[in-house]
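Student: This is the structure I have questions about; it appears just below.
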Amino acid sequence: MSELRWTAEKANKWYETKPWFVGCNYTPHNACNQLEMWQEETFDPHTIDQELGWAEDLGFNSLRVYLHDLAWEQDPEGFLNRMEQFLTIAEKHGIGIMPVLFDSCWHPFPRPGKQREPEPGVHNAGWLQSPGVAVLRDSSRFEKLESYVKGVIFRFRDDERVHVWDIWNEPDNTNAASRGSRDISNKGDVVAPLLTTAFSWACAAEPTQPLTSGLWQGAFAPMEDLTACQKVQIENSDVISFHSYDPPDKFIERFEKMQTYGRPLLCTEYMARISGSVVEDILPIAKENKIAAYNWGFVRGRTQTHLPWSTWQEPCETEEPPVWFHELLHSDGRPYKVEETDAIRKLTRSDN
């Protein structure tokens with residue numbers, strides 16, 4: 001556990017000064033992954049400005065946004081400048097950001113440069129792990145990761161437009177459900193030491209914002225029931241985050257377990273319609289308990305996350321499934337379900 005971790009008292013006092021954070025996991029509709037979003041050739045401030053205007057209209061005040069270590073490695077200053085540009089656009093629309101530094105999900109061999117086209121009919125078919133498994137297996141390459149973490153956080157460590165730093169998304173995810181997975185089978189054991197180190201790197205940059213890494217599967221409490229990787233997440237997080245793609249009763253069960261940690265709670269991923277996790281049910285519960293809530297996805301596009309997870313085993317034959325899995329809007333800004341967007345506006349525009 002880092003000696004610089006915030007006390008529970010400090011974390012709760014910080015949270016008392018903040019509004020209820022509500023928003024989504026955001027990628028512009030014309031980007032299939034983190035590199036396509038952030039690399040100079042495909043960074044698109046016009047589209048981002050338009051889509052964040054739609055987010056503002058819904059009342060969103062916070063977005064969770066994925067970065068990538070390779071975007072930094074190939075062009076550190078350019079990457080930071082594009083982050084600054086993104087934050088400026090977000091601020092224009094009254095929105096803050098939760099940057100995600102690392103991610104263990106989906107394709108294990110990221111490459112910079114032009115990205116391959118997403119496989120048709122597959123959920124998040126172009127998404128990239130950060131770092132890739134080749135880096136995870138080679139500790140001599142960790143120095144570049146340290147430079148990335150410290151460089152990014154130091155640049156924005158006093159920036160109020162940054163709400164929270166999410167150090168690592170689903171660090172122990174082995175992606176075992178994907179066809180022909182070439183991932184590390186004991187991912188949690190491999191990542192846990194590096195995750196501890198990544199928290200230390202982040203603390204060394206002395207951010208004024210809190211750090212977190214969210215639990216996503218298995219036991220959420222008590223500590224003795226957690227895996228080694230989950231314990232690293234909980235013991236180093238200033239604020240506690242988690243994912244829940246479950247119906248309301250399971251969502252309540254999860255956050256009630258996590259309340260035992262005595263720190264602010266952030267649900268950094270929810271909404272999977274066919275699994276019973278829907279805006280109209282989950283968001284009112286989150287607001288009532290002041291749990292920050294970020295649904296997955298915003299505008300349907302190249303991530304193809306309107307398709308279900310099951311398409312990683314069997315691609316969908318049609319681009320229009322009976323029910324969208326994620327995403328709130330069509331690419332022209334029209335809502336997928338008016339009832340959802342109306343519910344969001346009602347909650348974000350009410351002080352009750």
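We name chains A, B, ... following the order of the structure tokens; residues begin at 1 in each chain, and ligands are numbered from 1 as shown.
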Would you write out, as JSON lines, a table of all residues in stretch 240-320 of chain A that have an atom no more than 12 Å from an atom of stretch 336-348 of chain A, listing for each the closest atom pair and the distance in Å to one decimal, considering only C-alpha atoms and ordering rows by chain and rising residue number?

Tutor:
```
{"residue": "A:Met271", "atom": "CA", "partner": "A:Glu340", "partner_atom": "CA", "distance": 11.1}
{"residue": "A:Arg273", "atom": "CA", "partner": "A:Glu340", "partner_atom": "CA", "distance": 11.2}
{"residue": "A:Val278", "atom": "CA", "partner": "A:Glu340", "partner_atom": "CA", "distance": 8.3}
{"residue": "A:Val279", "atom": "CA", "partner": "A:Glu340", "partner_atom": "CA", "distance": 6.1}
{"residue": "A:Glu280", "atom": "CA", "partner": "A:Ala343", "partner_atom": "CA", "distance": 6.1}
{"residue": "A:Asp281", "atom": "CA", "partner": "A:Ala343", "partner_atom": "CA", "distance": 9.5}
{"residue": "A:Ile282", "atom": "CA", "partner": "A:Ile344", "partner_atom": "CA", "distance": 10.7}
{"residue": "A:Leu283", "atom": "CA", "partner": "A:Ile344", "partner_atom": "CA", "distance": 7.7}
{"residue": "A:Pro284", "atom": "CA", "partner": "A:Leu347", "partner_atom": "CA", "distance": 7.1}
{"residue": "A:Ile285", "atom": "CA", "partner": "A:Leu347", "partner_atom": "CA", "distance": 10.6}
{"residue": "A:Ala286", "atom": "CA", "partner": "A:Leu347", "partner_atom": "CA", "distance": 10.3}
{"residue": "A:Lys287", "atom": "CA", "partner": "A:Leu347", "partner_atom": "CA", "distance": 7.8}
{"residue": "A:Glu288", "atom": "CA", "partner": "A:Leu347", "partner_atom": "CA", "distance": 10.0}
{"residue": "A:Ala293", "atom": "CA", "partner": "A:Ile344", "partner_atom": "CA", "distance": 11.2}
{"residue": "A:Tyr294", "atom": "CA", "partner": "A:Ile344", "partner_atom": "CA", "distance": 11.6}
{"residue": "A:Asn295", "atom": "CA", "partner": "A:Ile344", "partner_atom": "CA", "distance": 11.1}
{"residue": "A:Phe298", "atom": "CA", "partner": "A:Tyr336", "partner_atom": "CA", "distance": 10.2}
{"residue": "A:Val299", "atom": "CA", "partner": "A:Tyr336", "partner_atom": "CA", "distance": 9.4}
{"residue": "A:Arg300", "atom": "CA", "partner": "A:Tyr336", "partner_atom": "CA", "distance": 9.2}
{"residue": "A:His306", "atom": "CA", "partner": "A:Tyr336", "partner_atom": "CA", "distance": 10.2}
{"residue": "A:Glu320", "atom": "CA", "partner": "A:Tyr336", "partner_atom": "CA", "distance": 11.8}
```

Student: Output N, CA and C atoms of each residue in that selection to a file, as a PDB file, in the first residue's frame.

Tutor:
```pdb
ATOM      1  N   MET A 271     -24.517  -0.600 -17.723  1.00  0.00           N
ATOM      2  CA  MET A 271     -25.453  -0.628 -18.847  1.00  0.00           C
ATOM      3  C   MET A 271     -25.103  -1.702 -19.862  1.00  0.00           C
ATOM      4  N   ARG A 273     -27.962  -3.822 -21.830  1.00  0.00           N
ATOM      5  CA  ARG A 273     -29.422  -3.923 -21.855  1.00  0.00           C
ATOM      6  C   ARG A 273     -29.917  -5.363 -21.762  1.00  0.00           C
ATOM      7  N   VAL A 278     -29.963  -1.380 -17.136  1.00  0.00           N
ATOM      8  CA  VAL A 278     -30.488  -0.328 -18.006  1.00  0.00           C
ATOM      9  C   VAL A 278     -30.500   1.008 -17.268  1.00  0.00           C
ATOM     10  N   VAL A 279     -30.403   2.063 -18.033  1.00  0.00           N
ATOM     11  CA  VAL A 279     -30.313   3.416 -17.481  1.00  0.00           C
ATOM     12  C   VAL A 279     -31.464   3.715 -16.532  1.00  0.00           C
ATOM     13  N   GLU A 280     -32.687   3.411 -16.967  1.00  0.00           N
ATOM     14  CA  GLU A 280     -33.862   3.812 -16.188  1.00  0.00           C
ATOM     15  C   GLU A 280     -33.895   3.189 -14.802  1.00  0.00           C
ATOM     16  N   ASP A 281     -33.248   2.023 -14.629  1.00  0.00           N
ATOM     17  CA  ASP A 281     -33.235   1.349 -13.324  1.00  0.00           C
ATOM     18  C   ASP A 281     -32.004   1.691 -12.495  1.00  0.00           C
ATOM     19  N   ILE A 282     -30.839   1.720 -13.130  1.00  0.00           N
ATOM     20  CA  ILE A 282     -29.580   1.863 -12.386  1.00  0.00           C
ATOM     21  C   ILE A 282     -29.300   3.308 -11.992  1.00  0.00           C
ATOM     22  N   LEU A 283     -29.536   4.247 -12.906  1.00  0.00           N
ATOM     23  CA  LEU A 283     -29.131   5.631 -12.646  1.00  0.00           C
ATOM     24  C   LEU A 283     -29.852   6.253 -11.447  1.00  0.00           C
ATOM     25  N   PRO A 284     -31.158   6.035 -11.242  1.00  0.00           N
ATOM     26  CA  PRO A 284     -31.791   6.600 -10.043  1.00  0.00           C
ATOM     27  C   PRO A 284     -31.189   6.071  -8.735  1.00  0.00           C
ATOM     28  N   ILE A 285     -30.820   4.785  -8.723  1.00  0.00           N
ATOM     29  CA  ILE A 285     -30.199   4.208  -7.525  1.00  0.00           C
ATOM     30  C   ILE A 285     -28.842   4.851  -7.286  1.00  0.00           C
ATOM     31  N   ALA A 286     -28.076   5.028  -8.359  1.00  0.00           N
ATOM     32  CA  ALA A 286     -26.764   5.648  -8.231  1.00  0.00           C
ATOM     33  C   ALA A 286     -26.884   7.075  -7.697  1.00  0.00           C
ATOM     34  N   LYS A 287     -27.838   7.829  -8.226  1.00  0.00           N
ATOM     35  CA  LYS A 287     -27.986   9.212  -7.768  1.00  0.00           C
ATOM     36  C   LYS A 287     -28.413   9.266  -6.307  1.00  0.00           C
ATOM     37  N   GLU A 288     -29.364   8.439  -5.932  1.00  0.00           N
ATOM     38  CA  GLU A 288     -29.859   8.434  -4.549  1.00  0.00           C
ATOM     39  C   GLU A 288     -28.736   8.172  -3.553  1.00  0.00           C
ATOM     40  N   ALA A 293     -21.625   7.459 -11.790  1.00  0.00           N
ATOM     41  CA  ALA A 293     -22.113   6.432 -12.719  1.00  0.00           C
ATOM     42  C   ALA A 293     -21.737   6.781 -14.149  1.00  0.00           C
ATOM     43  N   TYR A 294     -21.034   5.840 -14.802  1.00  0.00           N
ATOM     44  CA  TYR A 294     -20.587   6.003 -16.181  1.00  0.00           C
ATOM     45  C   TYR A 294     -21.045   4.793 -16.988  1.00  0.00           C
ATOM     46  N   ASN A 295     -22.056   4.975 -17.835  1.00  0.00           N
ATOM     47  CA  ASN A 295     -22.450   3.850 -18.687  1.00  0.00           C
ATOM     48  C   ASN A 295     -21.396   3.622 -19.764  1.00  0.00           C
ATOM     49  N   PHE A 298     -21.281   5.798 -25.865  1.00  0.00           N
ATOM     50  CA  PHE A 298     -22.104   6.992 -26.057  1.00  0.00           C
ATOM     51  C   PHE A 298     -22.723   7.006 -27.448  1.00  0.00           C
ATOM     52  N   VAL A 299     -21.894   7.148 -28.480  1.00  0.00           N
ATOM     53  CA  VAL A 299     -22.395   7.220 -29.849  1.00  0.00           C
ATOM     54  C   VAL A 299     -21.985   5.950 -30.597  1.00  0.00           C
ATOM     55  N   ARG A 300     -22.938   5.316 -31.238  1.00  0.00           N
ATOM     56  CA  ARG A 300     -22.643   4.101 -32.000  1.00  0.00           C
ATOM     57  C   ARG A 300     -21.629   4.410 -33.104  1.00  0.00           C
ATOM     58  N   HIS A 306     -22.365  -1.596 -29.667  1.00  0.00           N
ATOM     59  CA  HIS A 306     -23.807  -1.834 -29.646  1.00  0.00           C
ATOM     60  C   HIS A 306     -24.094  -3.321 -29.828  1.00  0.00           C
ATOM     61  N   GLU A 320     -27.246  -4.750 -37.059  1.00  0.00           N
ATOM     62  CA  GLU A 320     -28.345  -4.209 -36.271  1.00  0.00           C
ATOM     63  C   GLU A 320     -28.974  -5.326 -35.442  1.00  0.00           C
TER      64      GLU A 320
END
```

Student: Could you give me the residues within stretch 11-228 of chain A that DSSP places in strand (DSSP E), as a list in words?

Tutor: Val22, Gly23, Cys24, Asn25, Ser62, Leu63, Arg64, Val65, Tyr66, Gly96, Ile97, Met98, Pro99, Val100, Leu101, Phe102, Asp103, Trp165, Asp166, Ile167, Trp168, Asn169, Leu211 and Thr212 of chain A

Student: Which is closer to A:Ala71 than all the others in A:Phe251, A:Phe43, A:Trp324, A:Phe109, using only C-alpha atoms?

Tutor: A:Phe43

Student: Mind giving me the straight-line distance from atom CA of A:Asn33 to atom CA of A:His68 in Å, one decimal?

Tutor: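 One can read the atom CA of A:Asn33 to atom CA of A:His68 distance as 9.4 Å.
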
Student: Which residues are near A:Glu317? Cut-off 9 Å, only C-alpha atoms, ignore same chain within fewer than 3 positions. Put them as a list in words.

Tutor: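 Contacts, with the query itself left out: Pro120, Gly121, Glu314, Glu320 and Pro321 of chain A.
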
Student: Go ahead and save the residues from that selection, with N, CA and C atoms, as a short mmCIF file (atom, residue, chain, number, x, y, z; two decimals), in the first residue's frame.

Tutor:
```cif
data_model
loop_
_atom_site.label_atom_id
_atom_site.label_comp_id
_atom_site.auth_asym_id
_atom_site.auth_seq_id
_atom_site.Cartn_x
_atom_site.Cartn_y
_atom_site.Cartn_z
N PRO A 120 -16.01 -7.17 -38.84
CA PRO A 120 -17.47 -6.98 -38.88
C PRO A 120 -18.19 -7.90 -37.90
N GLY A 121 -19.21 -7.33 -37.27
CA GLY A 121 -20.08 -8.13 -36.40
C GLY A 121 -19.49 -8.49 -35.06
N GLU A 314 -18.90 -15.68 -31.58
CA GLU A 314 -19.64 -15.89 -32.82
C GLU A 314 -20.09 -14.54 -33.36
N GLU A 320 -27.25 -4.75 -37.06
CA GLU A 320 -28.35 -4.21 -36.27
C GLU A 320 -28.97 -5.33 -35.44
N PRO A 321 -28.46 -5.57 -34.23
CA PRO A 321 -29.02 -6.62 -33.38
C PRO A 321 -30.42 -6.24 -32.89
#
```

Student: Can you work out which one of A:Arg5, A:Lys250, A:Lys257, A:His46 has the shortest atom-to-atom distance to A:Thr208, counting only C-alpha atoms?

Tutor: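 Among the listed residues, A:Arg5 lies closest to A:Thr208.
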
Student: As number ranges by chain, list the residues of stretch 161-254 of chain A assigned to helix (DSSP H, G or I) by DSSP on the backbone atoms of this structure.

Tutor: A: 187-204, 223-225, 228-236, 248-254

Student: So, with only C-alpha atoms as the atoms that count, which of A:Ile291, A:Val65, A:Leu329, A:Ala176 lies closest to A:Ile252?

Tutor: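 Between A:Ile291, A:Val65, A:Leu329, A:Ala176, the residue approaching A:Ile252 most closely is A:Ile291.
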
Student: Write out as a JSON list (two decimals) with C-alpha atoms, in the first residue's frame the residues lying within 12 Å of A:Arg141, counting only C-alpha atoms and excluding same-chain residues fewer than 4 positions away.

Tutor:
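The result, written out as selection-v7.json:
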```
[["chain", "number", "residue", "atom", "x", "y", "z"],
["A", 69, "ASP", "CA", 0.92, 4.10, -23.64],
["A", 73, "GLU", "CA", 5.65, 6.63, -26.63],
["A", 131, "PRO", "CA", 0.38, -2.26, -22.37],
["A", 132, "GLY", "CA", 0.37, -5.26, -24.69],
["A", 133, "VAL", "CA", 1.37, -8.70, -23.47],
["A", 134, "ALA", "CA", 4.85, -8.41, -25.04],
["A", 135, "VAL", "CA", 5.56, -5.53, -22.66],
["A", 136, "LEU", "CA", 4.02, -7.32, -19.68],
["A", 137, "ARG", "CA", 6.43, -10.21, -20.28],
["A", 145, "LEU", "CA", 5.60, 2.85, -18.91],
["A", 146, "GLU", "CA", 6.97, 4.77, -15.94],
["A", 147, "SER", "CA", 7.74, 7.74, -18.19],
["A", 148, "TYR", "CA", 4.20, 7.59, -19.57],
["A", 194, "LEU", "CA", 3.19, -3.92, -12.04]]
```

Student: Give me the residues within 12 Å of A:Glu91 as JSON, numbers by chain, counting only C-alpha atoms and dropping any in the same chain fewer than 3 places off.

Tutor: {"A": [49, 52, 53, 55, 56, 60, 61, 62, 63, 84, 85, 86, 87, 88, 94, 95, 96, 97, 159, 160, 161, 162, 163]}

Student: Just to be explicit: take each residue in the selection above, keep N, CA and C atoms, and write the result as a short mmCIF file (atom, residue, chain, number, x, y, z; two decimals), in the first residue's frame.

Tutor:
```cif
data_model
loop_
_atom_site.label_atom_id
_atom_site.label_comp_id
_atom_site.auth_asym_id
_atom_site.auth_seq_id
_atom_site.Cartn_x
_atom_site.Cartn_y
_atom_site.Cartn_z
N ASP A 49 -16.04 17.75 -30.32
CA ASP A 49 -16.81 18.92 -29.90
C ASP A 49 -18.30 18.70 -30.13
N LEU A 52 -19.54 15.93 -27.60
CA LEU A 52 -19.57 16.41 -26.22
C LEU A 52 -20.67 17.45 -26.03
N GLY A 53 -21.06 18.12 -27.12
CA GLY A 53 -22.25 18.97 -27.05
C GLY A 53 -23.50 18.15 -26.78
N ALA A 55 -23.46 15.30 -25.18
CA ALA A 55 -23.32 14.87 -23.79
C ALA A 55 -23.75 15.98 -22.84
N GLU A 56 -23.38 17.22 -23.16
CA GLU A 56 -23.81 18.36 -22.34
C GLU A 56 -25.33 18.47 -22.32
N PHE A 60 -24.59 15.33 -18.77
CA PHE A 60 -23.37 14.65 -18.34
C PHE A 60 -22.34 15.69 -17.89
N ASN A 61 -21.67 15.39 -16.78
CA ASN A 61 -20.64 16.31 -16.28
C ASN A 61 -19.27 15.65 -16.13
N SER A 62 -19.18 14.37 -16.51
CA SER A 62 -17.90 13.66 -16.38
C SER A 62 -17.85 12.54 -17.41
N LEU A 63 -16.68 12.35 -18.02
CA LEU A 63 -16.49 11.27 -18.98
C LEU A 63 -15.26 10.45 -18.59
N GLU A 84 -4.67 18.18 -23.87
CA GLU A 84 -5.04 19.55 -23.50
C GLU A 84 -6.19 20.04 -24.37
N GLN A 85 -6.12 19.76 -25.65
CA GLN A 85 -7.19 20.18 -26.56
C GLN A 85 -8.51 19.49 -26.19
N PHE A 86 -8.42 18.20 -25.86
CA PHE A 86 -9.62 17.46 -25.47
C PHE A 86 -10.21 18.06 -24.19
N LEU A 87 -9.37 18.34 -23.21
CA LEU A 87 -9.85 18.90 -21.95
C LEU A 87 -10.48 20.27 -22.16
N THR A 88 -9.92 21.05 -23.07
CA THR A 88 -10.48 22.36 -23.37
C THR A 88 -11.88 22.24 -23.97
N GLY A 94 -18.83 21.96 -20.00
CA GLY A 94 -19.10 21.73 -18.57
C GLY A 94 -18.81 20.31 -18.12
N ILE A 95 -17.84 19.67 -18.76
CA ILE A 95 -17.56 18.25 -18.50
C ILE A 95 -16.12 18.07 -18.04
N GLY A 96 -15.92 17.25 -17.02
CA GLY A 96 -14.59 16.85 -16.58
C GLY A 96 -14.27 15.44 -17.06
N ILE A 97 -13.04 15.00 -16.80
CA ILE A 97 -12.55 13.76 -17.39
C ILE A 97 -11.95 12.83 -16.33
N ASP A 159 -4.87 20.04 -12.49
CA ASP A 159 -5.91 20.47 -13.42
C ASP A 159 -7.28 20.02 -12.91
N GLU A 160 -8.13 20.98 -12.58
CA GLU A 160 -9.44 20.65 -12.05
C GLU A 160 -10.36 20.00 -13.09
N ARG A 161 -9.96 20.08 -14.36
CA ARG A 161 -10.76 19.42 -15.40
C ARG A 161 -10.60 17.90 -15.35
N VAL A 162 -9.56 17.44 -14.67
CA VAL A 162 -9.36 16.00 -14.45
C VAL A 162 -9.99 15.65 -13.11
N HIS A 163 -11.00 14.80 -13.13
CA HIS A 163 -11.71 14.45 -11.91
C HIS A 163 -10.99 13.37 -11.10
#
```

Student: When you count only C-alpha atoms, which of these residues is closest to A:Gly214: A:Ala11, A:Leu80, A:Leu307, A:Val100?

Tutor: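 Once distances to A:Gly214 are computed over only C-alpha atoms, the minimum belongs to A:Val100.
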
Student: Neighbours of A:Ile48 within 10 Å (only C-alpha atoms; same-chain residues fewer than 5 positions away dropped), as a ChimeraX atom specification?

Tutor: /A:26-30,37,43,53-54,86,89-90

Student: What would the file look like if the residues just selected were written as a PDB file, in the first residue's frame with N, CA and C atoms?

Tutor:
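Below is the file part-v7.pdb, written as the result:
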```
ATOM      1  N   TYR A  26     -16.290   7.259 -22.953  1.00  0.00           N
ATOM      2  CA  TYR A  26     -16.391   7.961 -24.225  1.00  0.00           C
ATOM      3  C   TYR A  26     -15.258   7.634 -25.195  1.00  0.00           C
ATOM      4  N   THR A  27     -15.648   7.278 -26.410  1.00  0.00           N
ATOM      5  CA  THR A  27     -14.765   7.211 -27.573  1.00  0.00           C
ATOM      6  C   THR A  27     -15.545   7.823 -28.725  1.00  0.00           C
ATOM      7  N   PRO A  28     -14.970   8.743 -29.493  1.00  0.00           N
ATOM      8  CA  PRO A  28     -15.719   9.296 -30.624  1.00  0.00           C
ATOM      9  C   PRO A  28     -16.141   8.198 -31.594  1.00  0.00           C
ATOM     10  N   HIS A  29     -17.254   8.411 -32.271  1.00  0.00           N
ATOM     11  CA  HIS A  29     -17.837   7.334 -33.073  1.00  0.00           C
ATOM     12  C   HIS A  29     -16.937   6.922 -34.232  1.00  0.00           C
ATOM     13  N   ASN A  30     -16.001   7.803 -34.640  1.00  0.00           N
ATOM     14  CA  ASN A  30     -15.145   7.475 -35.783  1.00  0.00           C
ATOM     15  C   ASN A  30     -13.785   6.919 -35.362  1.00  0.00           C
ATOM     16  N   MET A  37      -8.231   7.221 -31.613  1.00  0.00           N
ATOM     17  CA  MET A  37      -8.731   8.448 -30.994  1.00  0.00           C
ATOM     18  C   MET A  37      -7.631   9.475 -30.805  1.00  0.00           C
ATOM     19  N   PHE A  43      -6.890  12.060 -34.770  1.00  0.00           N
ATOM     20  CA  PHE A  43      -7.508  12.862 -33.718  1.00  0.00           C
ATOM     21  C   PHE A  43      -8.457  13.862 -34.368  1.00  0.00           C
ATOM     22  N   GLY A  53     -21.064  18.119 -27.118  1.00  0.00           N
ATOM     23  CA  GLY A  53     -22.252  18.967 -27.051  1.00  0.00           C
ATOM     24  C   GLY A  53     -23.499  18.147 -26.780  1.00  0.00           C
ATOM     25  N   TRP A  54     -23.594  16.973 -27.403  1.00  0.00           N
ATOM     26  CA  TRP A  54     -24.717  16.073 -27.132  1.00  0.00           C
ATOM     27  C   TRP A  54     -24.673  15.578 -25.683  1.00  0.00           C
ATOM     28  N   PHE A  86      -8.424  18.198 -25.865  1.00  0.00           N
ATOM     29  CA  PHE A  86      -9.623  17.463 -25.466  1.00  0.00           C
ATOM     30  C   PHE A  86     -10.212  18.061 -24.188  1.00  0.00           C
ATOM     31  N   ILE A  89     -12.038  21.290 -24.893  1.00  0.00           N
ATOM     32  CA  ILE A  89     -13.355  21.055 -25.479  1.00  0.00           C
ATOM     33  C   ILE A  89     -14.332  20.588 -24.402  1.00  0.00           C
ATOM     34  N   ALA A  90     -13.897  19.652 -23.574  1.00  0.00           N
ATOM     35  CA  ALA A  90     -14.770  19.137 -22.514  1.00  0.00           C
ATOM     36  C   ALA A  90     -15.187  20.257 -21.557  1.00  0.00           C
TER      37      ALA A  90
END
```

Student: Fewer than 5 positions away in the same chain doesn't count, so skip those; otherwise give me all residues within 7 Å of A:Ser277, counting only C-alpha atoms, as number ranges by chain.

Tutor: A: 245-248, 270-272, 282

Student: Using C-alpha atoms, can you export the residues from the last selection as a compact mmCIF listing (two decimals), in the first residue's frame?

Tutor:
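See result-v1.txt below for the written result:
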```txt
# COMPACT_ATOMS: atom_id res chain seq x y z
CA TYR A 245 -23.47 -4.90 -15.78
CA ASP A 246 -26.15 -6.51 -13.64
CA PRO A 247 -29.82 -5.88 -12.80
CA PRO A 248 -30.69 -3.46 -9.96
CA TYR A 270 -22.64 -0.12 -16.30
CA MET A 271 -25.45 -0.63 -18.85
CA ALA A 272 -25.82 -3.89 -20.74
CA ILE A 282 -29.58 1.86 -12.39
```

Student: Considering only C-alpha atoms, can you say which of A:Gln304, A:Thr197, A:Ser185, A:Gln233 comes closest to A:Glu143?

Tutor: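 For A:Glu143, the nearest of the given residues is A:Thr197.
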
Student: Rank A:Phe325, A:Phe102, A:Ile184, A:Glu269 by their smallest atom-to-atom distance to A:Thr311, using only C-alpha atoms, and report the top residue only.

Tutor: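 Of all the options, A:Phe325 lies closest to A:Thr311.
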